[in-house]
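Participant: I'm passing along input-v9.cif; it holds mmCIF, C-alpha atoms.
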```cif
data_protein
loop_
_atom_site.label_atom_id
_atom_site.label_comp_id
_atom_site.auth_asym_id
_atom_site.auth_seq_id
_atom_site.Cartn_x
_atom_site.Cartn_y
_atom_site.Cartn_z
CA MET B 296 10.95 21.01 6.43
CA PRO B 297 7.87 18.84 7.00
CA GLN B 298 5.36 18.49 4.18
CA PRO B 299 1.87 19.99 4.77
CA TRP B 300 0.30 16.52 4.58
CA SER B 301 2.56 15.25 7.39
CA THR B 302 1.57 17.94 9.90
CA PRO B 303 -0.77 16.63 12.64
CA LEU B 304 -4.15 18.34 12.50
CA GLU B 305 -6.62 18.98 15.33
CA ILE B 306 -9.46 16.54 14.73
CA ASP B 307 -12.04 18.19 16.97
CA ARG B 308 -11.72 21.59 15.28
CA LEU B 309 -11.85 20.08 11.77
CA SER B 310 -14.83 17.83 12.52
CA ARG B 311 -16.88 20.62 14.19
CA GLY B 312 -16.25 22.87 11.18
CA ALA B 313 -17.00 20.11 8.63
CA VAL B 314 -13.74 20.97 6.85
CA ALA B 315 -12.77 19.37 3.53
CA LEU B 316 -9.05 19.23 2.69
CA ASP B 317 -7.68 18.39 -0.76
CA PHE B 318 -4.35 16.64 -1.11
CA GLU B 319 -1.86 15.34 -3.64
CA LEU B 320 0.86 13.07 -2.30
CA PRO B 321 3.80 11.26 -3.87
CA LEU B 322 3.63 7.64 -2.67
CA ALA B 323 7.40 7.32 -2.22
CA GLN B 324 7.33 9.97 0.53
CA LEU B 325 4.87 8.10 2.76
CA PRO B 326 6.91 6.36 5.50
CA ARG B 327 5.26 2.92 5.48
CA LEU B 328 5.30 2.76 1.67
CA ARG B 329 8.96 3.73 1.42
CA SER B 330 9.98 0.31 2.75
CA ARG B 331 8.08 -1.63 0.06
CA ALA B 332 10.74 -2.76 -2.40
CA GLU B 333 8.26 -3.18 -5.28
CA LEU B 334 7.11 0.47 -5.13
CA LEU B 335 8.73 2.50 -7.90
CA GLY B 336 6.65 5.66 -7.64
CA GLY B 337 3.29 7.20 -8.35
CA SER B 338 1.01 9.62 -6.57
CA VAL B 339 -2.52 9.96 -5.24
CA ARG B 340 -4.85 12.91 -4.99
CA GLY B 341 -8.20 13.34 -3.34
CA THR B 342 -10.14 14.85 -0.48
CA VAL B 343 -10.59 14.20 3.23
CA ARG B 344 -13.93 15.50 4.57
CA PHE B 345 -14.23 15.81 8.34
CA GLY B 346 -17.50 15.72 10.26
CA ARG B 347 -19.25 14.33 13.32
CA ASP B 348 -21.80 11.55 13.76
CA ALA B 349 -23.05 9.73 16.85
CA GLY B 350 -20.55 11.58 19.02
CA HIS B 351 -17.50 10.59 16.97
CA ALA B 352 -15.24 12.61 14.75
CA LEU B 353 -15.40 11.13 11.24
CA ALA B 354 -13.24 11.47 8.16
CA GLU B 355 -14.33 10.43 4.68
CA VAL B 356 -11.23 9.69 2.63
CA SER B 357 -11.58 9.71 -1.17
CA LEU B 358 -8.49 9.10 -3.27
CA GLU B 359 -7.45 8.21 -6.78
CA GLY B 360 -4.12 7.86 -8.49
CA THR B 361 -1.62 5.38 -9.82
CA ALA B 362 1.01 3.32 -8.06
CA GLU B 363 4.03 2.35 -10.11
CA LEU B 364 5.08 -1.08 -8.92
CA ARG B 365 7.51 -3.81 -9.95
CA CYS B 366 5.73 -6.97 -11.10
CA GLN B 367 6.98 -9.85 -8.95
CA ARG B 368 6.56 -12.33 -11.80
CA CYS B 369 8.55 -10.64 -14.58
CA MET B 370 10.26 -7.88 -12.52
CA ARG B 371 9.14 -5.23 -15.02
CA PRO B 372 7.36 -1.97 -14.11
CA MET B 373 3.57 -1.94 -14.00
CA ALA B 374 0.98 0.72 -13.27
CA LEU B 375 -1.78 -0.05 -10.79
CA PRO B 376 -4.77 2.32 -10.65
CA LEU B 377 -5.81 3.27 -7.13
CA LEU B 378 -9.37 4.27 -6.29
CA ALA B 379 -10.70 4.23 -2.74
CA ARG B 380 -13.45 5.82 -0.71
CA THR B 381 -13.96 5.02 2.94
CA GLN B 382 -15.27 6.51 6.14
CA VAL B 383 -13.24 6.27 9.33
CA ALA B 384 -13.98 7.19 12.93
CA LEU B 385 -11.11 9.06 14.58
CA LEU B 386 -10.91 7.75 18.14
CA ALA B 387 -8.92 8.90 21.15
CA SER B 388 -8.59 5.37 22.62
CA GLU B 389 -8.96 1.74 21.62
CA ALA B 390 -11.81 1.33 24.11
CA GLU B 391 -14.00 3.55 21.91
CA ALA B 392 -13.73 1.13 18.95
CA ASN B 393 -16.68 -0.91 20.26
CA THR B 394 -18.98 2.11 19.95
CA VAL B 395 -18.41 2.61 16.22
CA ALA B 396 -20.84 1.26 13.60
CA ALA B 397 -19.60 -1.84 11.76
CA GLU B 398 -19.41 -0.11 8.35
CA ILE B 399 -17.06 2.57 9.70
CA GLU B 400 -13.38 1.78 10.21
CA PRO B 401 -11.96 2.84 13.59
CA VAL B 402 -8.64 4.72 13.50
CA LEU B 403 -6.66 5.60 16.60
CA ALA B 404 -5.82 9.31 16.72
CA SER B 405 -3.88 9.80 19.92
CA ASP B 406 -3.89 13.26 21.45
CA GLY B 407 -6.81 14.24 19.18
CA ARG B 408 -4.49 14.81 16.21
CA ILE B 409 -3.80 13.01 12.94
CA SER B 410 -2.13 13.95 9.66
CA LEU B 411 -3.58 13.63 6.19
CA GLY B 412 -0.59 11.46 5.33
CA GLU B 413 -1.54 8.87 7.96
CA LEU B 414 -5.11 8.61 6.68
CA VAL B 415 -4.07 8.40 3.03
CA GLU B 416 -1.21 5.97 3.72
CA GLU B 417 -3.58 3.52 5.42
CA GLU B 418 -6.00 3.58 2.47
CA VAL B 419 -3.21 3.11 -0.06
CA LEU B 420 -1.78 0.15 1.89
CA LEU B 421 -5.22 -1.48 1.91
CA SER B 422 -5.53 -0.92 -1.87
CA LEU B 423 -2.15 -2.40 -2.85
CA PRO B 424 -1.90 -6.12 -3.64
CA ILE B 425 0.23 -8.31 -1.39
CA VAL B 426 2.18 -9.50 -4.44
CA PRO B 427 1.97 -7.12 -7.40
CA MET B 428 1.70 -8.88 -10.77
CA HIS B 429 0.46 -7.93 -14.21
CA ALA B 430 -3.19 -8.89 -14.64
CA ALA B 431 -2.87 -10.52 -18.07
CA ASP B 432 -0.32 -13.11 -19.14
CA ALA B 433 0.21 -11.18 -22.37
CA GLN B 434 1.56 -8.24 -20.36
CA CYS B 435 3.74 -10.38 -18.18
CA GLN B 436 6.20 -13.04 -19.21
CA PRO B 437 8.46 -14.65 -16.65
CA LEU B 438 12.14 -13.91 -17.15
CA GLU B 439 12.83 -17.50 -18.32
CA ALA B 440 10.24 -17.19 -21.09
CA ALA B 441 11.56 -13.79 -22.09
CA GLY B 442 15.04 -15.26 -22.67
CA SER B 443 13.70 -18.08 -24.85
CA ALA B 444 11.31 -15.90 -26.86
CA GLY B 445 13.83 -15.42 -29.67
CA GLY B 446 14.09 -19.15 -30.26
CA GLN B 447 17.33 -19.44 -28.34
CA THR B 448 17.14 -21.79 -25.43
CA THR B 449 20.00 -22.01 -23.01
CA GLU B 450 20.10 -25.27 -21.16
CA ALA B 451 21.23 -24.75 -17.59
CA ALA B 452 23.38 -27.47 -16.08
CA THR B 453 21.59 -29.28 -13.28
CA GLN B 454 23.57 -29.15 -10.08
CA ARG B 455 23.41 -32.10 -7.74
CA PRO B 456 25.47 -31.29 -4.66
CA PHE B 457 24.87 -34.66 -2.97
CA ALA B 458 25.41 -36.88 -6.02
CA GLN B 459 28.68 -38.32 -4.71
CA LEU B 460 27.55 -38.60 -1.12
CA GLY B 461 26.48 -42.25 -1.60
CA GLU B 462 29.95 -43.18 -2.83
CA LEU B 463 31.65 -41.47 0.10
CA LEU B 464 29.42 -43.28 2.63
CA SER B 465 29.95 -46.70 1.04
CA HIS B 466 33.78 -46.49 1.24
CA LYS B 467 33.88 -46.81 5.02
#
```
What does this structure look like when you write it as structure tokens?

Facilitator:
Amino acid sequence: MPQPWSTPLEIDRLSRGAVALDFELPLAQLPRLRSRAELLGGSVRGTVRFGRDAGHALAEVSLEGTAELRCQRCMRPMALPLLARTQVALLASEAEANTVAAEIEPVLASDGRISLGELVEEEVLLSLPIVPMHAADAQCQPLEAAGSAGGQTTEAATQRPFAQLGELLSHK
């Protein structure tokens, strides 16, 4: 059964009626976020307000929430607050993108339909860091430092796979 936020909505009808739709979405259920290995969970909530301006259907997307990610430095969980507000023009073709004001993001909505999930997913992707890491060093210690924190240092043997190559070449 499809989720209500994944159902394509008629843009023209929503924008003419100046409809505002509230949402709450689990991040793990959004298709393009599901493939991100560092995403552990979280959710966002907010509102999408539809309207019209200069002949274009517009959507103002406001969202807030928390993404639970895996820090790529220490590989421990971290919470990243998400807060975004943007205005997008919902366009039927790429050719219309040139007619949109610079401060408004163009979004392709083929067949005059788009789902709340698509709008929210795009904003969340733009809000997430490329490489999630804890902001402060105190919160994040690399795994090597975490192992030596108790005063026990384990010295790893250095491997040199080509160390004997010189000897082999000189025996010819």

Participant: So the first atom is atom CA of Ala352 of chain B and the second is atom CA of Ser310 of chain B; what is the distance between them in Å, to one decimal place?

Facilitator: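 That distance, rounded to one decimal, is 5.7 Å.
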
Participant: Do you know which residues the PyMOL selection byres ((chain B and resi 367) around 7) returns on this file, as a PyMOL selection string?

Facilitator: chain B and resi 365-366+368-370+426-428

Participant: Would you translate the PyMOL selection byres ((chain B and resi 350) around 12) into the concrete set of residues it matches in this file, as a PyMOL selection string?

Facilitator: chain B and resi 307+310-311+346-349+351-353+384-386+391+394-396

Participant: Could the residues in this selection be written to a file with C-alpha atoms, as a PDB file, in the coordinates of the input?

Facilitator:
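Written out: again-v3.pdb:
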```
ATOM      1  CA  ASP B 307     -12.040  18.190  16.970  1.00  0.00           C
ATOM      2  CA  SER B 310     -14.830  17.830  12.520  1.00  0.00           C
ATOM      3  CA  ARG B 311     -16.880  20.620  14.190  1.00  0.00           C
ATOM      4  CA  GLY B 346     -17.500  15.720  10.260  1.00  0.00           C
ATOM      5  CA  ARG B 347     -19.250  14.330  13.320  1.00  0.00           C
ATOM      6  CA  ASP B 348     -21.800  11.550  13.760  1.00  0.00           C
ATOM      7  CA  ALA B 349     -23.050   9.730  16.850  1.00  0.00           C
ATOM      8  CA  HIS B 351     -17.500  10.590  16.970  1.00  0.00           C
ATOM      9  CA  ALA B 352     -15.240  12.610  14.750  1.00  0.00           C
ATOM     10  CA  LEU B 353     -15.400  11.130  11.240  1.00  0.00           C
ATOM     11  CA  ALA B 384     -13.980   7.190  12.930  1.00  0.00           C
ATOM     12  CA  LEU B 385     -11.110   9.060  14.580  1.00  0.00           C
ATOM     13  CA  LEU B 386     -10.910   7.750  18.140  1.00  0.00           C
ATOM     14  CA  GLU B 391     -14.000   3.550  21.910  1.00  0.00           C
ATOM     15  CA  THR B 394     -18.980   2.110  19.950  1.00  0.00           C
ATOM     16  CA  VAL B 395     -18.410   2.610  16.220  1.00  0.00           C
ATOM     17  CA  ALA B 396     -20.840   1.260  13.600  1.00  0.00           C
TER      18      ALA B 396
END
```

Participant: Written as a PyMOL selection string, which residues does the PyMOL selection byres ((chain B and resi 329-335) around 6) give for the file shown?

Facilitator: chain B and resi 323+326-328+336+363-365

Participant: Pick out the residues sitting within 12 Å of Leu309 of chain B, and hand them over as a PDB file with C-alpha atoms, keeping the file's coordinate frame; count all atoms listed in the file, and ignore anything fewer than 4 positions along from it in its own chain.

Facilitator:
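Here's the written file part00.pdb:
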```pdb
ATOM      1  CA  PRO B 303      -0.770  16.630  12.640  1.00  0.00           C
ATOM      2  CA  LEU B 304      -4.150  18.340  12.500  1.00  0.00           C
ATOM      3  CA  GLU B 305      -6.620  18.980  15.330  1.00  0.00           C
ATOM      4  CA  ALA B 313     -17.000  20.110   8.630  1.00  0.00           C
ATOM      5  CA  VAL B 314     -13.740  20.970   6.850  1.00  0.00           C
ATOM      6  CA  ALA B 315     -12.770  19.370   3.530  1.00  0.00           C
ATOM      7  CA  LEU B 316      -9.050  19.230   2.690  1.00  0.00           C
ATOM      8  CA  VAL B 343     -10.590  14.200   3.230  1.00  0.00           C
ATOM      9  CA  ARG B 344     -13.930  15.500   4.570  1.00  0.00           C
ATOM     10  CA  PHE B 345     -14.230  15.810   8.340  1.00  0.00           C
ATOM     11  CA  GLY B 346     -17.500  15.720  10.260  1.00  0.00           C
ATOM     12  CA  ARG B 347     -19.250  14.330  13.320  1.00  0.00           C
ATOM     13  CA  ALA B 352     -15.240  12.610  14.750  1.00  0.00           C
ATOM     14  CA  LEU B 353     -15.400  11.130  11.240  1.00  0.00           C
ATOM     15  CA  ALA B 354     -13.240  11.470   8.160  1.00  0.00           C
ATOM     16  CA  LEU B 385     -11.110   9.060  14.580  1.00  0.00           C
ATOM     17  CA  GLY B 407      -6.810  14.240  19.180  1.00  0.00           C
ATOM     18  CA  ARG B 408      -4.490  14.810  16.210  1.00  0.00           C
ATOM     19  CA  ILE B 409      -3.800  13.010  12.940  1.00  0.00           C
ATOM     20  CA  SER B 410      -2.130  13.950   9.660  1.00  0.00           C
ATOM     21  CA  LEU B 411      -3.580  13.630   6.190  1.00  0.00           C
TER      22      LEU B 411
END
```

Participant: How many Å lie between atom CA of Pro401 of chain B and atom CA of Ser388 of chain B, rounded to one decimal?

Facilitator: 10.0 Å

Participant: Tell me, in Å to one decimal, how far atom CA of Glu400 of chain B is from atom CA of Leu375 of chain B.

Facilitator: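 Atom CA of Leu375 of chain B lies 24.1 Å from atom CA of Glu400 of chain B.
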
Participant: I'd like a table as a tab-separated table: residues in segment 301-341 of chain B with an atom no more than 10 Å from segment 376-382 of chain B, each row giving the shortest atom pair and its distance in Å to one decimal, all atoms listed in the file counted, sorted by chain and rising residue number.

Facilitator:
```
residue	atom	partner	partner_atom	distance
B:Gly337	CA	B:Pro376	CA	9.7
B:Ser338	CA	B:Leu377	CA	9.3
B:Val339	CA	B:Leu377	CA	7.7
B:Arg340	CA	B:Leu378	CA	9.8
B:Gly341	CA	B:Ala379	CA	9.5
```

Participant: Taking all atoms listed in the file into account, which of B:Leu464, B:Ala362, B:Glu398, B:Phe457 comes nearest Pro424 of chain B?

Facilitator: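 That would be B:Ala362, the residue with the smallest distance to Pro424 of chain B.
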
Participant: Pick from B:Leu320, B:Leu358, B:Ile306, B:Ala374: nearest to Ala430 of chain B, with only C-alpha atoms counted?

Facilitator: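 When distances to Ala430 of chain B are compared using only C-alpha atoms, the smallest one comes from B:Ala374.
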
Participant: Please determine, counting only C-alpha atoms, which residue among B:Leu463, B:Ala404, B:Met373, B:Ile399 has the shortest atom-to-atom distance to Ala387 of chain B.

Facilitator: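 That would be B:Ala404, the residue with the smallest distance to Ala387 of chain B.
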